[in-house]
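Written out below as structure tokens is the structure these notes cover.
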Amino acid sequence: MTTQYWLVKSEPETYSWDDLVREGHTAWTGVRNYAARLHLNAMRPDDQVFFYHSGEAKSIVGLARVTKPAFPDSTADEPGWVAVELAPVAPLKTPVALALVKSTPALKEIALVRQGRLSVQPLKPAEFALIRKLGGG
């Protein structure tokens with residue numbers, strides 16, 4: 001199966017890249033947006049995932065991978081909501097600021113720019129590769 005590429009967002013005060021690194025893995029729970037749920041359901045083990053700090057930081061800070069595909073979200077009050085398990089791979093050498101993403105023509109169509117509130121977003125392979133390059137990797 002072909003690797004897919006994603007971006008997940010979190011407020012660093014709620015759950016940060018450093019939290020993920022310290023814990024070694026996490027269930028990505030609490031997503032309550034139907035489009036984001038579709039993306040979670042599409043994730044497969046070994047898919048690559050950028051970790052984005054929203055809020056004041058507004059930057060892509062790390063690379064993670066999916067270690068467990070969609071399973072029922074234990075934090076949901078109603079059925080149908082799912083989570084995936086993520087594990088850290090490596091921090092980006094240089095965080096990729098939202099301002100840089102927005103000013104890069106090849107990234108103008110990604111969901112981070114067009115649908116800023118979407119917490120789980122797909123990326124095309126070329127977009128993923130460019131962001132990784134911008135992050136020094």
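Order determines the names: the first chain of the structure tokens is A, the second B, and so forth; residues in each chain are numbered 1 upward, and ligands are numbered 1 upward as they are shown.
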Long-range neighbours of A:Leu107 as JSON, numbers by chain, 10 Å cut-off, only C-alpha atoms, 2 positions minimum in chain: {"A": [100, 101, 102, 103, 104, 105, 109, 110, 111, 112, 113, 123, 124, 126, 127, 128, 130, 131]}
Picked from stretch 22-77 of chain A by DSSP as strand (DSSP E or B), as a PyMOL selection string: chain A and resi 26-27+48-53+59-72
Would you export the selected residues with N, CA, C and O atoms as a short mmCIF file (atom, residue, chain, number, x, y, z; two decimals), in the first residue's frame, please?
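Saved to result.cif:
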```cif
data_model
loop_
_atom_site.label_atom_id
_atom_site.label_comp_id
_atom_site.auth_asym_id
_atom_site.auth_seq_id
_atom_site.Cartn_x
_atom_site.Cartn_y
_atom_site.Cartn_z
N THR A 26 0.75 8.20 21.17
CA THR A 26 -0.49 8.68 21.75
C THR A 26 -1.67 8.30 20.88
O THR A 26 -1.52 8.13 19.67
N ALA A 27 -2.82 8.15 21.49
CA ALA A 27 -4.07 8.02 20.75
C ALA A 27 -4.52 9.44 20.41
O ALA A 27 -4.64 10.28 21.30
N GLN A 48 2.86 8.99 7.05
CA GLN A 48 3.67 10.05 7.63
C GLN A 48 2.78 11.24 7.99
O GLN A 48 1.89 11.61 7.22
N VAL A 49 3.06 11.84 9.15
CA VAL A 49 2.19 12.88 9.70
C VAL A 49 3.02 14.05 10.22
O VAL A 49 3.86 13.86 11.10
N PHE A 50 2.77 15.24 9.70
CA PHE A 50 3.39 16.43 10.28
C PHE A 50 2.58 16.84 11.51
O PHE A 50 1.36 16.76 11.52
N PHE A 51 3.29 17.30 12.54
CA PHE A 51 2.68 17.78 13.77
C PHE A 51 2.77 19.30 13.77
O PHE A 51 3.86 19.86 13.74
N TYR A 52 1.61 19.94 13.81
CA TYR A 52 1.52 21.40 13.72
C TYR A 52 1.07 21.97 15.06
O TYR A 52 0.08 21.52 15.63
N HIS A 53 1.82 22.96 15.56
CA HIS A 53 1.41 23.70 16.75
C HIS A 53 0.56 24.88 16.31
O HIS A 53 1.05 25.78 15.61
N SER A 59 3.21 26.78 13.65
CA SER A 59 4.29 26.20 12.85
C SER A 59 4.28 24.68 12.92
O SER A 59 3.84 24.08 13.90
N ILE A 60 4.78 24.09 11.85
CA ILE A 60 4.95 22.64 11.78
C ILE A 60 6.26 22.34 12.48
O ILE A 60 7.31 22.88 12.11
N VAL A 61 6.21 21.48 13.50
CA VAL A 61 7.38 21.30 14.35
C VAL A 61 7.98 19.90 14.34
O VAL A 61 9.11 19.71 14.77
N GLY A 62 7.22 18.90 13.88
CA GLY A 62 7.75 17.54 13.94
C GLY A 62 7.11 16.61 12.94
O GLY A 62 6.10 16.93 12.31
N LEU A 63 7.74 15.45 12.82
CA LEU A 63 7.26 14.39 11.95
C LEU A 63 6.92 13.17 12.80
O LEU A 63 7.74 12.72 13.61
N ALA A 64 5.71 12.66 12.62
CA ALA A 64 5.25 11.46 13.32
C ALA A 64 4.82 10.44 12.29
O ALA A 64 4.86 10.70 11.08
N ARG A 65 4.43 9.27 12.79
CA ARG A 65 3.88 8.27 11.89
C ARG A 65 2.69 7.61 12.56
O ARG A 65 2.58 7.59 13.80
N VAL A 66 1.80 7.09 11.74
CA VAL A 66 0.65 6.36 12.25
C VAL A 66 1.13 4.96 12.64
O VAL A 66 1.80 4.28 11.86
N THR A 67 0.83 4.55 13.87
CA THR A 67 1.21 3.22 14.33
C THR A 67 0.01 2.28 14.49
O THR A 67 0.19 1.07 14.58
N LYS A 68 -1.19 2.86 14.54
CA LYS A 68 -2.40 2.04 14.65
C LYS A 68 -3.51 2.76 13.90
O LYS A 68 -3.73 3.95 14.12
N PRO A 69 -4.21 2.05 12.99
CA PRO A 69 -5.28 2.70 12.23
C PRO A 69 -6.49 3.02 13.11
O PRO A 69 -6.52 2.68 14.29
N ALA A 70 -7.49 3.62 12.51
CA ALA A 70 -8.66 4.11 13.22
C ALA A 70 -9.30 3.05 14.12
O ALA A 70 -9.47 1.90 13.74
N PHE A 71 -9.62 3.50 15.32
CA PHE A 71 -10.32 2.68 16.32
C PHE A 71 -11.27 3.62 17.06
O PHE A 71 -11.12 4.85 16.99
N PRO A 72 -12.28 3.08 17.76
CA PRO A 72 -13.23 3.95 18.45
C PRO A 72 -12.54 4.89 19.44
O PRO A 72 -11.66 4.49 20.20
#
```
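Put simply, atom CA of A:Lys108 is 17.2 Å away from atom CA of A:Val120.
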Residue list (alpha helix (DSSP H), DSSP) for stretch 8-88 of chain A, as number ranges by chain: A: 17-23, 34-42
Save the residues we just selected, C-alpha atoms, as an mmCIF file, in the first residue's frame?
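See out23.cif below for the written result:
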```cif
data_model
loop_
_atom_site.group_PDB
_atom_site.id
_atom_site.type_symbol
_atom_site.label_atom_id
_atom_site.label_comp_id
_atom_site.auth_asym_id
_atom_site.auth_seq_id
_atom_site.Cartn_x
_atom_site.Cartn_y
_atom_site.Cartn_z
ATOM 1 C CA TRP A 17 5.193 17.825 20.185
ATOM 2 C CA ASP A 18 7.276 17.510 23.352
ATOM 3 C CA ASP A 19 4.403 15.612 25.000
ATOM 4 C CA LEU A 20 4.340 13.150 22.104
ATOM 5 C CA VAL A 21 8.101 12.674 22.263
ATOM 6 C CA ARG A 22 8.028 12.164 26.036
ATOM 7 C CA GLU A 23 5.177 9.634 25.844
ATOM 8 C CA TYR A 34 -16.762 15.146 10.158
ATOM 9 C CA ALA A 35 -14.135 15.943 7.493
ATOM 10 C CA ALA A 36 -11.313 15.279 9.955
ATOM 11 C CA ARG A 37 -12.994 12.011 10.959
ATOM 12 C CA LEU A 38 -12.940 10.884 7.321
ATOM 13 C CA HIS A 39 -9.208 11.597 7.247
ATOM 14 C CA LEU A 40 -8.598 9.671 10.471
ATOM 15 C CA ASN A 41 -10.475 6.705 8.995
ATOM 16 C CA ALA A 42 -8.232 6.842 5.910
#
```
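Checking A:Arg117, A:Ser16, A:Lys133, A:Pro79 one by one against A:Val96, counting only C-alpha atoms, you find the shortest gap at A:Lys133.
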For atom CA of A:Asp73 and atom CA of A:Pro125, the interatomic separation in Å (one decimal):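 According to the coordinates, atom CA of A:Asp73 and atom CA of A:Pro125 are separated by 27.8 Å.
Considering only C-alpha atoms, the residue among A:Gly116, A:Leu98, A:Thr2, A:Ser10 positioned nearest to A:Val31 is A:Ser10.
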Atomic distance atom CA of A:Ala99 - atom CA of A:Leu86, expressed in Å with one decimal: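 Atom-to-atom, atom CA of A:Ala99 and atom CA of A:Leu86 are spaced 26.1 Å apart.
Across A:Met43, A:Gly135, A:Met1, A:Thr29, the tightest approach to A:Pro122 is made by A:Met43 when counting only C-alpha atoms.
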Closest of A:Arg44, A:Lys9, A:Arg132, A:Arg32 to A:Ala90 - atom-to-atom distances counting only C-alpha atoms: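 Using only C-alpha atoms, the shortest distance to A:Ala90 belongs to A:Arg132.
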